[in-house]
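Novice: Questions regarding the structure given below will be posed in turn.
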Amino acid sequence: MGFLANLRDCGLTCEGYPGYVSWLAKPVPAIGFAWPPGTNWGLLLVVVLGLMMVLLAITGIVVWWPGFRRFSHGFRVRAGKSRFARDYDLHNVIGIVAVPFVLMWGVTGAAFYLPPVKDAWLAVTGGTAADPQKYSFTAHAAAPGDPEIGIDQAAAAALAKTPGEIRYLTTPQDGYYSVSIAGEGYQPYGARAFFGGDHTVYVDSRDATHMSDVDAQPEPGANAFYDRVFEPAHFGRLVGGWWRIGWFVLGLAPLALMLTGISTWLFRSGSKRRRRKARAQVKTPAQPRQATA
């Protein structure tokens, strides 16, 4: 599990985890592009793989599209035909069913380490680029001897601002508390994740009336969809219990696509070789028979 976490989260650059590769942890050199702080070769590899999943989803839709008249053919599986027909149909059906999830995993996975990917997605879907100042908060200048309000008062102030359930609270950083609250009503993370809050409330560590709920600000529908549906879906936190089986099955879709893709490719390659061989035999003139004494 440590190796898998290292591979998925860090691109094998989490030192102390199994599978750590030191050269992947080296910083990516600047090439006229401002990489996010801490970008190394391993994280860049994770971004590239995420973008390849996006490319897989987009090209898959284009290749799969059977046309309006033959639309139903895109969902059939000819199990009684040849291996090629069966695997070709399976590849198409699995691919089109998994497209929304492959696209979601690719976009959100790449955006975790390369924020411009999220901005590009929001621009395409009608949203606006994320505000870099959204999570900024400035506490009042502390006068000498001003006491801190304490955790209990900070929690009470945050709940008065945004009713719900506190999922976690951090001690003062730069003069303020950070409180994550799972608000009332729809909860994209709910009780299925430790860091399950969908509202971040900042409370001045010396003035409980000075606070900000940064997630209460109005935002375009595309941004709200990304934050409250698209990103939580990456982890499967939108659902719980037995519904997670669906995430497990769909997570195996790339493996199924690889196997069926290799199968159809091998069949087509073999057919091409056989046709070339047959054409070569037709073009080769027959050798005259030798007379025998």
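Please note that chains go A, B, ... in the order of the structure tokens, that every chain numbers its residues from 1, and that ligands are numbered from 1 in the order shown.
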Within 10 Å of Ala79 (chain A), counting only C-alpha atoms, which residues qualify if same-chain residues fewer than 6 places away don't, as number ranges by chain?
Specialist: A: 85-87, 89-90
Novice: Generate a file of the selected residues that holds N, CA and C atoms, formatted as a short mmCIF file (atom, residue, chain, number, x, y, z; two decimals), in the first residue's frame.
Specialist:
```cif
data_model
loop_
_atom_site.label_atom_id
_atom_site.label_comp_id
_atom_site.auth_asym_id
_atom_site.auth_seq_id
_atom_site.Cartn_x
_atom_site.Cartn_y
_atom_site.Cartn_z
N ALA A 85 -14.33 -9.55 -33.25
CA ALA A 85 -15.60 -8.83 -33.14
C ALA A 85 -15.99 -8.66 -31.68
N ARG A 86 -15.80 -9.70 -30.88
CA ARG A 86 -16.15 -9.62 -29.46
C ARG A 86 -15.30 -8.59 -28.74
N ASP A 87 -13.98 -8.67 -28.91
CA ASP A 87 -13.10 -7.76 -28.19
C ASP A 87 -13.21 -6.33 -28.71
N ASP A 89 -15.99 -4.94 -29.88
CA ASP A 89 -17.22 -4.39 -29.29
C ASP A 89 -17.05 -4.12 -27.80
N LEU A 90 -16.37 -5.03 -27.09
CA LEU A 90 -16.13 -4.81 -25.66
C LEU A 90 -15.31 -3.54 -25.44
#
```
Novice: Which residues in region 37-275 of chain A does DSSP call strand (DSSP E or B)? List them as number ranges by chain.
Specialist: A: 40, 164-173, 176-183, 199-204, 207-213
Novice: With N, CA, C and O atoms retained, could you export that selection as a short mmCIF file (atom, residue, chain, number, x, y, z; two decimals), in the first residue's frame?
Specialist:
```
data_model
loop_
_atom_site.label_atom_id
_atom_site.label_comp_id
_atom_site.auth_asym_id
_atom_site.auth_seq_id
_atom_site.Cartn_x
_atom_site.Cartn_y
_atom_site.Cartn_z
N ASN A 40 8.50 18.40 -9.34
CA ASN A 40 9.66 17.57 -9.68
C ASN A 40 9.26 16.64 -10.83
O ASN A 40 8.13 16.66 -11.33
N GLY A 164 -23.34 23.67 10.78
CA GLY A 164 -22.97 22.36 10.26
C GLY A 164 -22.18 21.59 11.29
O GLY A 164 -22.35 21.75 12.50
N GLU A 165 -21.27 20.76 10.80
CA GLU A 165 -20.43 19.92 11.66
C GLU A 165 -18.96 20.21 11.38
O GLU A 165 -18.53 20.17 10.22
N ILE A 166 -18.21 20.51 12.42
CA ILE A 166 -16.78 20.75 12.25
C ILE A 166 -16.08 19.43 11.97
O ILE A 166 -16.19 18.47 12.73
N ARG A 167 -15.34 19.41 10.86
CA ARG A 167 -14.59 18.20 10.51
C ARG A 167 -13.14 18.29 10.97
O ARG A 167 -12.53 17.30 11.34
N TYR A 168 -12.56 19.46 10.92
CA TYR A 168 -11.23 19.64 11.53
C TYR A 168 -10.99 21.12 11.74
O TYR A 168 -11.62 21.98 11.11
N LEU A 169 -10.07 21.41 12.65
CA LEU A 169 -9.74 22.79 13.02
C LEU A 169 -8.25 22.85 13.28
O LEU A 169 -7.70 22.01 14.00
N THR A 170 -7.60 23.84 12.68
CA THR A 170 -6.16 23.99 12.88
C THR A 170 -5.89 25.12 13.85
O THR A 170 -6.63 26.11 13.90
N THR A 171 -4.86 24.98 14.64
CA THR A 171 -4.45 26.03 15.57
C THR A 171 -3.97 27.24 14.78
O THR A 171 -3.69 27.13 13.58
N PRO A 172 -3.88 28.40 15.40
CA PRO A 172 -3.60 29.64 14.67
C PRO A 172 -2.34 29.58 13.80
O PRO A 172 -1.27 29.19 14.26
N GLN A 173 -2.55 29.92 12.54
CA GLN A 173 -1.45 30.10 11.59
C GLN A 173 -1.57 31.52 11.06
O GLN A 173 -2.61 31.91 10.54
N TYR A 176 -4.69 33.38 12.74
CA TYR A 176 -6.09 33.00 12.62
C TYR A 176 -6.26 31.47 12.62
O TYR A 176 -5.35 30.73 12.25
N TYR A 177 -7.46 31.04 13.05
CA TYR A 177 -7.82 29.64 13.02
C TYR A 177 -8.41 29.30 11.64
O TYR A 177 -9.07 30.14 11.01
N SER A 178 -8.20 28.08 11.20
CA SER A 178 -8.83 27.58 9.98
C SER A 178 -9.75 26.44 10.38
O SER A 178 -9.31 25.44 10.95
N VAL A 179 -11.05 26.61 10.09
CA VAL A 179 -12.06 25.64 10.50
C VAL A 179 -12.75 25.09 9.26
O VAL A 179 -13.25 25.85 8.43
N SER A 180 -12.76 23.77 9.13
CA SER A 180 -13.44 23.11 8.01
C SER A 180 -14.77 22.57 8.51
O SER A 180 -14.83 21.80 9.47
N ILE A 181 -15.85 22.97 7.84
CA ILE A 181 -17.21 22.62 8.29
C ILE A 181 -17.96 21.92 7.16
O ILE A 181 -17.95 22.39 6.01
N ALA A 182 -18.57 20.79 7.50
CA ALA A 182 -19.50 20.12 6.59
C ALA A 182 -20.85 20.80 6.79
O ALA A 182 -21.51 20.59 7.81
N GLY A 183 -21.22 21.63 5.85
CA GLY A 183 -22.43 22.43 6.01
C GLY A 183 -23.69 21.60 5.96
O GLY A 183 -23.69 20.41 5.63
N HIS A 199 -16.90 23.81 3.63
CA HIS A 199 -16.78 25.24 3.91
C HIS A 199 -15.52 25.45 4.74
O HIS A 199 -15.31 24.77 5.75
N THR A 200 -14.69 26.40 4.32
CA THR A 200 -13.51 26.78 5.09
C THR A 200 -13.76 28.15 5.70
O THR A 200 -14.01 29.13 4.97
N VAL A 201 -13.73 28.20 7.02
CA VAL A 201 -14.00 29.45 7.74
C VAL A 201 -12.73 29.86 8.47
O VAL A 201 -12.14 29.06 9.21
N TYR A 202 -12.30 31.09 8.27
CA TYR A 202 -11.15 31.64 8.97
C TYR A 202 -11.65 32.53 10.10
O TYR A 202 -12.54 33.36 9.89
N VAL A 203 -11.07 32.36 11.29
CA VAL A 203 -11.47 33.14 12.46
C VAL A 203 -10.22 33.77 13.06
O VAL A 203 -9.24 33.07 13.37
N ASP A 204 -10.26 35.07 13.22
CA ASP A 204 -9.15 35.80 13.81
C ASP A 204 -8.89 35.24 15.21
O ASP A 204 -9.81 35.06 16.01
N ASP A 207 -9.97 38.02 17.66
CA ASP A 207 -11.24 38.73 17.48
C ASP A 207 -12.22 37.78 16.80
O ASP A 207 -12.18 37.58 15.58
N ALA A 208 -13.13 37.22 17.59
CA ALA A 208 -14.06 36.23 17.05
C ALA A 208 -15.07 36.82 16.09
O ALA A 208 -15.75 36.08 15.37
N THR A 209 -15.18 38.13 16.04
CA THR A 209 -16.12 38.75 15.11
C THR A 209 -15.49 38.96 13.73
O THR A 209 -16.20 39.28 12.77
N HIS A 210 -14.18 38.81 13.66
CA HIS A 210 -13.48 38.99 12.39
C HIS A 210 -13.23 37.60 11.79
O HIS A 210 -12.36 36.86 12.26
N MET A 211 -14.03 37.28 10.77
CA MET A 211 -13.93 35.94 10.18
C MET A 211 -14.36 35.98 8.72
O MET A 211 -14.90 37.00 8.24
N SER A 212 -14.17 34.87 8.02
CA SER A 212 -14.54 34.79 6.60
C SER A 212 -14.84 33.35 6.24
O SER A 212 -14.05 32.45 6.54
N ASP A 213 -16.00 33.13 5.60
CA ASP A 213 -16.33 31.83 5.01
C ASP A 213 -16.02 31.94 3.52
O ASP A 213 -16.81 32.47 2.74
#
```
Novice: Identify all residues of region 126-186 of chain A in helix (DSSP H, G or I) (DSSP on the backbone) and supply them as an MDAnalysis selection string.
Specialist: chainID A and resid 151:161
Novice: May I ask for the distance between CA of Gly240 (chain A) and CA of Val54 (chain A), given in Å to one decimal place?
Specialist: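 Separating CA of Gly240 (chain A) from CA of Val54 (chain A) is a distance of 25.8 Å.
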Novice: Which residues are near region 259-264 of chain A? Cut-off 12 Å, only C-alpha atoms, ignore same chain within fewer than 6 positions. Put them as a list in words.
Specialist: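 Non-adjacent residues within range: Gly60, Ser82, Arg83, Phe84, Ala85, Arg86, Asp87, Tyr88, Asp89, Leu90, His91, Asn92, Val93, Ile94, Gly95, Leu252, Ala253, Gly270 and Ser271 of chain A.
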Novice: How would the residues just chosen look if you wrote them out with N, CA, C and O atoms as a short mmCIF file (atom, residue, chain, number, x, y, z; two decimals), in the first residue's frame?
Specialist:
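Produced file part29.cif, reproduced below:
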```cif
data_model
loop_
_atom_site.label_atom_id
_atom_site.label_comp_id
_atom_site.auth_asym_id
_atom_site.auth_seq_id
_atom_site.Cartn_x
_atom_site.Cartn_y
_atom_site.Cartn_z
N GLY A 60 -11.35 8.72 -27.71
CA GLY A 60 -12.24 7.57 -27.64
C GLY A 60 -13.64 7.89 -28.10
O GLY A 60 -14.29 7.10 -28.80
N SER A 82 -16.51 -13.73 -33.93
CA SER A 82 -15.09 -14.03 -33.76
C SER A 82 -14.52 -13.31 -32.54
O SER A 82 -15.16 -12.43 -31.97
N ARG A 83 -13.31 -13.70 -32.18
CA ARG A 83 -12.64 -13.04 -31.06
C ARG A 83 -12.45 -11.57 -31.34
O ARG A 83 -12.62 -10.72 -30.45
N PHE A 84 -12.12 -11.25 -32.59
CA PHE A 84 -11.92 -9.85 -32.94
C PHE A 84 -13.20 -9.05 -32.76
O PHE A 84 -13.19 -7.97 -32.17
N ALA A 85 -14.33 -9.55 -33.25
CA ALA A 85 -15.60 -8.83 -33.14
C ALA A 85 -15.99 -8.66 -31.68
O ALA A 85 -16.43 -7.57 -31.26
N ARG A 86 -15.80 -9.70 -30.88
CA ARG A 86 -16.15 -9.62 -29.46
C ARG A 86 -15.30 -8.59 -28.74
O ARG A 86 -15.82 -7.71 -28.04
N ASP A 87 -13.98 -8.67 -28.91
CA ASP A 87 -13.10 -7.76 -28.19
C ASP A 87 -13.21 -6.33 -28.71
O ASP A 87 -13.08 -5.36 -27.93
N TYR A 88 -13.46 -6.17 -30.00
CA TYR A 88 -13.65 -4.84 -30.56
C TYR A 88 -14.89 -4.17 -29.96
O TYR A 88 -14.86 -3.00 -29.56
N ASP A 89 -15.99 -4.94 -29.88
CA ASP A 89 -17.22 -4.39 -29.29
C ASP A 89 -17.05 -4.12 -27.80
O ASP A 89 -17.53 -3.10 -27.29
N LEU A 90 -16.37 -5.03 -27.09
CA LEU A 90 -16.13 -4.81 -25.66
C LEU A 90 -15.31 -3.54 -25.44
O LEU A 90 -15.58 -2.75 -24.52
N HIS A 91 -14.31 -3.34 -26.29
CA HIS A 91 -13.47 -2.15 -26.18
C HIS A 91 -14.31 -0.88 -26.33
O HIS A 91 -14.16 0.08 -25.56
N ASN A 92 -15.21 -0.89 -27.32
CA ASN A 92 -16.05 0.28 -27.56
C ASN A 92 -17.03 0.52 -26.43
O ASN A 92 -17.20 1.66 -25.96
N VAL A 93 -17.69 -0.53 -25.96
CA VAL A 93 -18.71 -0.37 -24.93
C VAL A 93 -18.08 0.05 -23.60
O VAL A 93 -18.54 0.98 -22.93
N ILE A 94 -17.00 -0.63 -23.20
CA ILE A 94 -16.32 -0.28 -21.95
C ILE A 94 -15.80 1.15 -22.02
O ILE A 94 -15.92 1.93 -21.07
N GLY A 95 -15.25 1.52 -23.17
CA GLY A 95 -14.68 2.85 -23.31
C GLY A 95 -15.72 3.94 -23.20
O GLY A 95 -15.52 4.92 -22.47
N LEU A 252 -11.05 -0.12 -13.07
CA LEU A 252 -10.40 -1.18 -13.85
C LEU A 252 -10.60 -1.00 -15.35
O LEU A 252 -10.05 -1.76 -16.14
N ALA A 253 -11.40 0.01 -15.74
CA ALA A 253 -11.69 0.22 -17.16
C ALA A 253 -10.43 0.41 -18.00
O ALA A 253 -10.32 -0.18 -19.08
N GLY A 270 -1.98 -9.34 -37.53
CA GLY A 270 -1.87 -10.66 -38.14
C GLY A 270 -2.58 -10.72 -39.48
O GLY A 270 -2.08 -11.33 -40.44
N SER A 271 -3.75 -10.08 -39.57
CA SER A 271 -4.49 -10.07 -40.84
C SER A 271 -3.70 -9.33 -41.92
O SER A 271 -3.66 -9.77 -43.08
#
```
Novice: For a quick check of understanding, using only C-alpha atoms, which of A:Gly251, A:Ala233, A:Ala34, A:Tyr20 has the smallest distance to Pro115 (chain A)?
Specialist: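 Looking only at the distances to Pro115 (chain A), the closest residue turns out to be A:Ala34.
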Novice: Counting only C-alpha atoms, which of A:Met104, A:Leu12, A:Ala155, A:Leu114 gets nearest to Thr39 (chain A)?
Specialist: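 Selected residue with least distance to Thr39 (chain A): A:Leu114.
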Novice: Fewer than 2 positions away in the same chain doesn't count, so skip those; otherwise give me all residues within 10 Å of region 128-130 of chain A, counting only C-alpha atoms, as a PyMOL selection string.
Specialist: chain A and resi 115-116+118-126+132-134+219-223
Novice: Which one is closest to Leu55 (chain A): A:Pro27, A:Trp243, A:Ser22, A:Trp105? Count only C-alpha atoms.
Specialist: A:Trp105
Novice: Pick out the residues sitting within 9 Å of Leu44 (chain A), and hand them over as a PyMOL selection string; count only C-alpha atoms, and ignore anything fewer than 5 positions along from it in its own chain.
Specialist: chain A and resi 11+28+39+49+110+113-114
Novice: Kindly assemble as a Markdown table a list of the region 215-281 of chain A residues that lie within 12 Å of region 135-142 of chain A, each paired with its nearest atom pair and their distance in Å to one decimal, using only C-alpha atoms, sorted first by chain and then by ascending residue number.
Specialist:
```
| residue | atom | partner | partner_atom | distance |
| --- | --- | --- | --- | --- |
| A:Asp215 | CA | A:Tyr135 | CA | 9.0 |
| A:Ala216 | CA | A:Tyr135 | CA | 11.8 |
| A:Gln217 | CA | A:Tyr135 | CA | 11.4 |
```
Novice: From the list A:Ala111, A:Leu159, A:Leu24, A:Val48, which residue is nearest Asn6 (chain A) when using only C-alpha atoms?
Specialist: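 That would be A:Leu24, the residue with the smallest distance to Asn6 (chain A).
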Novice: Neighbouring residues of Thr59 (chain A) were defined as those with any atom within 12 Å, considering only C-alpha atoms; residues of the same chain fewer than 3 positions away were excluded. Please report them as a ChimeraX atom specification.
Specialist: /A:52-56,62-65,92,95-96,99,102-103
Novice: Select, from A:Ser205, A:Lys161, A:Gly127, A:Tyr226, the residue with the minimum atom-to-atom distance to Ile149 (chain A), counting only C-alpha atoms.
Specialist: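 Ranking A:Ser205, A:Lys161, A:Gly127, A:Tyr226 by distance to Ile149 (chain A), first place goes to A:Ser205.
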Novice: So which one's closest to Pro163 (chain A), A:Gly175, A:Pro147, A:Gly42, A:Gly197? Using only C-alpha atoms, please.
Specialist: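 Answer, going by the shortest atom-to-atom distance: A:Gly197.
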